[in-house]
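Reviewing the structure listed below.
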Amino acid sequence: MSEKYDAILIGAGMSGLAAGIRLAQYDKRVLILEKHYLWGGLNSFYKRRGRIFDVGLHALTNFAPKGRRGVPLTKLLRQLRIRHSDLQLGEQNYSEIAFPTERLRFSNEFELFESEIARAFPDQVDGFAKLTEAIFAYDSFTPPDPDLLARGELAKFITEPLLVEMLMLPMCYYGSAIPGDIAWYQFAILFKSFYDEGFARPEGGIRPLLDLLVKRYKSLGGELRMKSGVAEILQQGAGSLRSAAGVRLENGEEIFADQVLSSAGFGPTMEMCGAELGARVTDEDRGQLSFNETVIVTDKTPMDFGNYGAAITFFNDSDTFDYRCPAPGGLGIDPRSGVICSPNNYAATEPLTEGWMRFTALASASHWGDLAQADATEYATQKQRAAEAFLDSASRFAPDPRPFEIDRDLFTPNTIRRFCGHPKGAVYGAPKKRLDGATELPGLFLMGTDQGLLGVVGAMLSGISMANRHCLQPTA
Ligand SMILES: Cc1cc2nc3c(=O)[nH]c(=O)nc-3n(C[C@H](O)[C@H](O)[C@H](O)COP(=O)(O)OP(=O)(O)OC[C@H]3O[C@@H](n4cnc5c(N)ncnc54)[C@H](O)[C@@H]3O)c2cc1C
């Protein structure tokens, strides 16, 4: 039997790295196992043709200036003992929600969004103020009613259907695993993280932030093993005394620990527990909402070729927003709505000299999965066809970068499935979250996406709070 750890963490994404640092700070013997060769999970990076591409970073939500009290970023930095200045955050210029008949701008100052609502929807000002008050009064991190959905709650405050759609669009794209809606508590978390806190970008993209986390974790004595996929959660005892005892890696090696925390998602984690627990995973536990992304690099900045200064544009081409997985067939994406973002439009001490624009579309995982299996050439052709259709659509809301293009990269739900293990490439995991992180197997806990906190900051907070709750609280 190999030596025993206090905790094994499955996955070196944002939640795993943050949980690892937290535990190592308390002198726990901790091991992070990552099946990929690179850390970061959904928020990693890769090199192509000499350029570093971020996998997922559009914006670091929850921006807070140094010293702002009581907000997630400040709490996170305190818990991980990281200095604000180490993150090298550059604030966004502004972002926008763009529909054919109206645009709403927002920035890191809440007043801008309030004034935009007052300009575009004067008769909704009172309702919006009451909505804001209700959101700030709501305990979104330990919600009394986690099944409540946002559309129903919004209708209590906002009577203008177009404003409801405009408020739903960014929240769904940045955090909903539920077709057509988003959990009210997640809406509330995101609302605060967008409009009261704001968007920033770590200078240099996600890589410096990941380097910082990995360095900090290792300096505290934490162990990290890459290319170490977990195949099975080992168990000990029987009946009510059964508990997690460690893991078996894909190469057969067994490693033992008092506790196992997994960021692999509810379904995959339970399937690692053997047939009995794995059989309880339903199709709904797997989620289905996924994205295609097109990244275009240009020889001029978006400001220079199109006077485009938005960090993020959330667009929708009609007055009704339809957030769901497109049916397989056709383009394999839904070109009617999406997200456009440009890392050029954040403050930076060394501004990017090339232009970068990312385009995110809702995509059908089964469409791209079937296509890749059937015919690799056709898959590549269809990827480009979908990208062109989406760029045509998006260029109604932001300048078209294609005349200035010098490089491009594309990914589909297959990429998310292959590199992060999310079944069906479901970016936001399962619709049903396990907010306390508990599973049916004592000693095994969830963190990250399927625990319920999303995004870079959310996933890190999830790792920290699950480590605090399940590994650092003294047992009764
Ligand atoms: C296209 C895209 C854009 C995004 N944009 C933003 C953004 O702009 N801002 C933002 O805040 N968030 C963004 N997100 C969301 C954010 O990336 C995620 O919410 C967050 O990174 C999730 O972290 P996690 O630790 O929960 O999970 P993951 O990142 O999924 O990490 C899980 C890790 O576990 C590993 N793993 C899985 N199974 C096993 C196994 N059996 N054995 C060992 N390792 C395993 C995986 O390889 C992975 O590294 C984006 C996501 C995507 C896909």
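All residue names refer to the structure tokens as shown: chains lettered A, B, ... in order, residues numbered from 1 in each chain, ligands numbered from 1 in order.
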Write out as a Markdown table the residues of chain A that have any atom within 6 Å of an atom of ligand 1, one row each with the nearest atom pair and its distance in Å to one decimal, counting only C-alpha atoms and all ligand atoms, sorted by chain and then rising number.
| residue | atom | partner | partner_atom_place_in_ligand_line | distance |
| --- | --- | --- | --- | --- |
| A:Ile10 | CA | ligand 1 | 43 (C) | 5.1 |
| A:Gly11 | CA | ligand 1 | 34 (O) | 3.1 |
| A:Ala12 | CA | ligand 1 | 49 (O) | 4.9 |
| A:Gly13 | CA | ligand 1 | 31 (O) | 3.7 |
| A:Met14 | CA | ligand 1 | 25 (O) | 4.1 |
| A:Ser15 | CA | ligand 1 | 25 (O) | 3.7 |
| A:Gly16 | CA | ligand 1 | 25 (O) | 5.6 |
| A:Leu33 | CA | ligand 1 | 43 (C) | 5.2 |
| A:Glu34 | CA | ligand 1 | 44 (N) | 3.8 |
| A:Lys35 | CA | ligand 1 | 43 (C) | 4.0 |
| A:His36 | CA | ligand 1 | 47 (O) | 5.1 |
| A:Trp39 | CA | ligand 1 | 49 (O) | 5.9 |
| A:Gly40 | CA | ligand 1 | 49 (O) | 5.7 |
| A:Gly41 | CA | ligand 1 | 49 (O) | 3.2 |
| A:Leu42 | CA | ligand 1 | 29 (O) | 3.7 |
| A:Asn43 | CA | ligand 1 | 17 (O) | 4.3 |
| A:Gly56 | CA | ligand 1 | 3 (C) | 3.5 |
| A:Leu57 | CA | ligand 1 | 8 (O) | 3.9 |
| A:His58 | CA | ligand 1 | 8 (O) | 3.2 |
| A:Ala59 | CA | ligand 1 | 8 (O) | 3.9 |
| A:Leu60 | CA | ligand 1 | 11 (O) | 4.8 |
| A:Thr61 | CA | ligand 1 | 11 (O) | 5.5 |
| A:Ser228 | CA | ligand 1 | 43 (C) | 5.9 |
| A:Gly229 | CA | ligand 1 | 42 (N) | 3.5 |
| A:Val230 | CA | ligand 1 | 42 (N) | 3.8 |
| A:Ala231 | CA | ligand 1 | 41 (N) | 5.7 |
| A:Ser263 | CA | ligand 1 | 32 (C) | 4.9 |
| A:Ala264 | CA | ligand 1 | 37 (C) | 4.0 |
| A:Phe419 | CA | ligand 1 | 47 (O) | 5.6 |
| A:Cys420 | CA | ligand 1 | 47 (O) | 3.9 |
| A:Gly421 | CA | ligand 1 | 37 (C) | 4.8 |
| A:Val427 | CA | ligand 1 | 53 (C) | 5.1 |
| A:Gly448 | CA | ligand 1 | 26 (O) | 3.2 |
| A:Thr449 | CA | ligand 1 | 26 (O) | 4.0 |
| A:Leu454 | CA | ligand 1 | 19 (O) | 4.1 |
| A:Gly455 | CA | ligand 1 | 11 (O) | 3.2 |
| A:Val456 | CA | ligand 1 | 11 (O) | 3.7 |
| A:Val457 | CA | ligand 1 | 11 (O) | 5.9 |
| A:Ala459 | CA | ligand 1 | 26 (O) | 4.8 |
For C-alpha atoms, I'd like the residues from the last selection saved as a compact mmCIF listing (two decimals), in the first residue's frame.
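Full text of again_39.txt as output:
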# COMPACT_ATOMS: atom_id res chain seq x y z
CA ILE A 10 -9.31 15.23 -8.97
CA GLY A 11 -8.59 17.91 -11.59
CA ALA A 12 -6.14 20.79 -11.82
CA GLY A 13 -8.72 23.32 -13.01
CA MET A 14 -9.47 26.50 -11.10
CA SER A 15 -11.39 24.73 -8.33
CA GLY A 16 -8.76 22.00 -7.83
CA LEU A 33 -4.32 14.45 -10.08
CA GLU A 34 -4.92 15.81 -13.58
CA LYS A 35 -5.50 13.65 -16.61
CA HIS A 36 -4.43 16.32 -19.11
CA TRP A 39 -3.41 22.54 -15.81
CA GLY A 40 -6.30 25.03 -15.99
CA GLY A 41 -9.15 22.77 -17.20
CA LEU A 42 -11.73 24.88 -19.02
CA ASN A 43 -9.54 27.88 -18.42
CA GLY A 56 -11.87 29.99 -22.34
CA LEU A 57 -11.03 33.38 -20.95
CA HIS A 58 -13.35 36.17 -22.00
CA ALA A 59 -13.31 38.10 -18.75
CA LEU A 60 -12.51 37.61 -15.14
CA THR A 61 -15.87 38.46 -13.61
CA SER A 228 -2.70 11.04 -14.21
CA GLY A 229 -6.31 10.31 -15.04
CA VAL A 230 -8.38 8.80 -12.25
CA ALA A 231 -10.25 5.69 -13.38
CA SER A 263 -13.97 18.59 -10.07
CA ALA A 264 -14.70 16.04 -12.80
CA PHE A 419 -9.62 18.15 -22.71
CA CYS A 420 -11.83 18.67 -19.66
CA GLY A 421 -13.86 15.48 -19.55
CA VAL A 427 -19.57 23.84 -20.31
CA GLY A 448 -16.25 23.33 -9.15
CA THR A 449 -18.81 23.34 -11.91
CA LEU A 454 -18.94 28.92 -12.08
CA GLY A 455 -16.36 30.99 -13.85
CA VAL A 456 -12.76 31.57 -12.84
CA VAL A 457 -13.57 33.28 -9.54
CA ALA A 459 -14.75 27.83 -9.41
- [ ] For A:Gly267, please output as a list in words all residues within 12 Å (counting only C-alpha atoms; exclusion window: fewer than 6 positions along the same chain).
- [x]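 Residues meeting the cut-off are Cys273, Gly274, Leu277, Gly278, Ala279, Arg280, Val281, Thr282, Asp283, Glu284, Asp285, Arg286, Gly287, Gly421, His422, Pro423, Lys424, Ala426, Gly429, Ala430, Pro431, Lys432, Lys433, Arg434, Thr439, Leu446, Thr449, Asp450 and Gln451 of chain A.
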- [ ] Tell me, as a list of chain:residue names, which residues lie within 8 Å of A:Tyr308, counting only C-alpha atoms; anything in the same chain fewer than 5 positions away does not count.
- [x] A:Pro302, A:Met303, A:Ala398, A:Pro399
TODO: Using DSSP on the backbone, list every residue of stretch 64-251 of chain A that comes out as alpha helix (DSSP H), and give them as number ranges by chain.
DONE: A: 72-80, 110-120, 125-137, 150-154, 161-173, 184-191, 206-219
Open item on the list: I'd like the neighbourhood of A:Ile135 as a list in words, where a residue qualifies if any of its atoms comes within 9 Å (using only C-alpha atoms), though same-chain residues fewer than 4 positions away should be ignored.
Closed with: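 Using only C-alpha atoms, the neighbours found are Lys130, Leu131, Asp139, Ser140, Tyr185, Phe187, Ala188, Ile189, Phe191 and Lys192 of chain A.
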Write out, as an mmCIF file, in the first residue's frame, the residues just selected, with N, CA and C atoms.
data_model
loop_
_atom_site.group_PDB
_atom_site.id
_atom_site.type_symbol
_atom_site.label_atom_id
_atom_site.label_comp_id
_atom_site.auth_asym_id
_atom_site.auth_seq_id
_atom_site.Cartn_x
_atom_site.Cartn_y
_atom_site.Cartn_z
ATOM 1 N N LYS A 130 -36.067 47.822 -7.559
ATOM 2 C CA LYS A 130 -36.564 46.790 -6.625
ATOM 3 C C LYS A 130 -35.886 45.447 -6.909
ATOM 4 N N LEU A 131 -35.674 45.160 -8.173
ATOM 5 C CA LEU A 131 -34.963 43.923 -8.537
ATOM 6 C C LEU A 131 -33.553 43.934 -7.923
ATOM 7 N N ASP A 139 -29.748 35.637 -0.232
ATOM 8 C CA ASP A 139 -28.570 34.869 0.169
ATOM 9 C C ASP A 139 -28.221 33.882 -0.956
ATOM 10 N N SER A 140 -27.554 34.397 -1.989
ATOM 11 C CA SER A 140 -27.366 33.577 -3.187
ATOM 12 C C SER A 140 -26.347 32.452 -3.002
ATOM 13 N N TYR A 185 -30.629 31.780 -8.002
ATOM 14 C CA TYR A 185 -29.469 32.114 -7.170
ATOM 15 C C TYR A 185 -28.243 32.372 -8.044
ATOM 16 N N PHE A 187 -28.415 33.527 -11.163
ATOM 17 C CA PHE A 187 -28.671 34.843 -11.760
ATOM 18 C C PHE A 187 -28.213 35.930 -10.792
ATOM 19 N N ALA A 188 -28.575 35.771 -9.509
ATOM 20 C CA ALA A 188 -28.239 36.793 -8.503
ATOM 21 C C ALA A 188 -26.720 36.910 -8.337
ATOM 22 N N ILE A 189 -26.034 35.759 -8.295
ATOM 23 C CA ILE A 189 -24.568 35.790 -8.165
ATOM 24 C C ILE A 189 -23.956 36.521 -9.371
ATOM 25 N N PHE A 191 -25.424 38.571 -11.564
ATOM 26 C CA PHE A 191 -25.850 39.973 -11.641
ATOM 27 C C PHE A 191 -24.875 40.848 -10.845
ATOM 28 N N LYS A 192 -24.594 40.412 -9.612
ATOM 29 C CA LYS A 192 -23.666 41.186 -8.780
ATOM 30 C C LYS A 192 -22.260 41.166 -9.389
#
Task: Test item: residues at most 7 Å from stretch 148-155 of chain A, only C-alpha atoms, excluding those fewer than 4 positions along its chain, as number ranges by chain - done: A: 159, 164, 181-184, 187
Shell of 10 Å around A:Gln25, only C-alpha atoms, local chain residues under 2 positions omitted, as a PDB file with C-alpha atoms, in the first residue's frame:
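Saved file part-v7.pdb follows:
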ATOM      1  CA  ALA A  19      -8.660  23.841  -2.999  1.00  0.00           C
ATOM      2  CA  GLY A  20      -5.106  22.508  -3.160  1.00  0.00           C
ATOM      3  CA  ILE A  21      -3.588  25.799  -2.027  1.00  0.00           C
ATOM      4  CA  ARG A  22      -6.101  26.112   0.778  1.00  0.00           C
ATOM      5  CA  LEU A  23      -5.355  22.617   2.096  1.00  0.00           C
ATOM      6  CA  ASP A  27      -0.150  21.550   6.175  1.00  0.00           C
ATOM      7  CA  LYS A  28      -2.431  18.910   4.763  1.00  0.00           C
ATOM      8  CA  ARG A  29      -0.769  16.280   2.640  1.00  0.00           C
ATOM      9  CA  GLN A  79      -8.209  32.778   1.700  1.00  0.00           C
ATOM     10  CA  LEU A  80      -5.378  31.977  -0.705  1.00  0.00           C
ATOM     11  CA  ARG A  81      -3.058  34.646   0.707  1.00  0.00           C
ATOM     12  CA  ARG A 216       1.957  28.893  -4.814  1.00  0.00           C
ATOM     13  CA  TYR A 217       0.527  25.393  -4.437  1.00  0.00           C
ATOM     14  CA  SER A 219       5.721  26.163  -2.683  1.00  0.00           C
ATOM     15  CA  LEU A 220       3.385  25.077   0.109  1.00  0.00           C
ATOM     16  CA  GLY A 221       4.363  21.453  -0.444  1.00  0.00           C
ATOM     17  CA  GLY A 222       1.338  20.443  -2.531  1.00  0.00           C
TER      18      GLY A 222
END
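Taking only stretch 26-131 of chain A, the residues that DSSP calls strand (DSSP E) from the backbone come to Val30, Leu31, Ile32, Leu33, Phe45, Tyr46, Lys47, Arg48, Arg51, Ile52, Phe53, Asp54, Leu89, Gly90, Glu91, Ser95, Glu96, Ile97, Ala98, Arg103, Leu104, Arg105 and Phe106 of chain A.
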Open item on the list: So that I can check the surroundings of A:Leu444, please list as a ChimeraX atom specification every protein, DNA and RNA residue that reaches within 7 Å of it, counting only C-alpha atoms and ignoring chain neighbours fewer than 4 positions away.
Closed with: /A:244,259-261,439
Open item on the list: Can you measure atom CA of A:Val30 to atom CA of A:Val55 for me? One decimal in Å is fine.
Closed with: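 Those two atoms sit 26.7 Å apart.
In this structure, atom CA of A:Ser176 sits 24.3 Å away from atom CA of A:Ala467.
Closest to A:Leu289 among A:Tyr346, A:Phe141, A:Phe106, A:Tyr174 is A:Tyr174, based on only C-alpha atoms.
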TODO: Find the residue from A:Cys325, A:Leu9, A:Ala98, A:Ala376 that sits nearest to A:Arg396; use only C-alpha atoms when measuring.
DONE: A:Ala98
TODO: Tell me, in Å to one decimal, how far atom CA of A:Ala386 is from atom CA of A:Arg103.
DONE: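 Atom-to-atom, atom CA of A:Ala386 to atom CA of A:Arg103, that is 25.8 Å.
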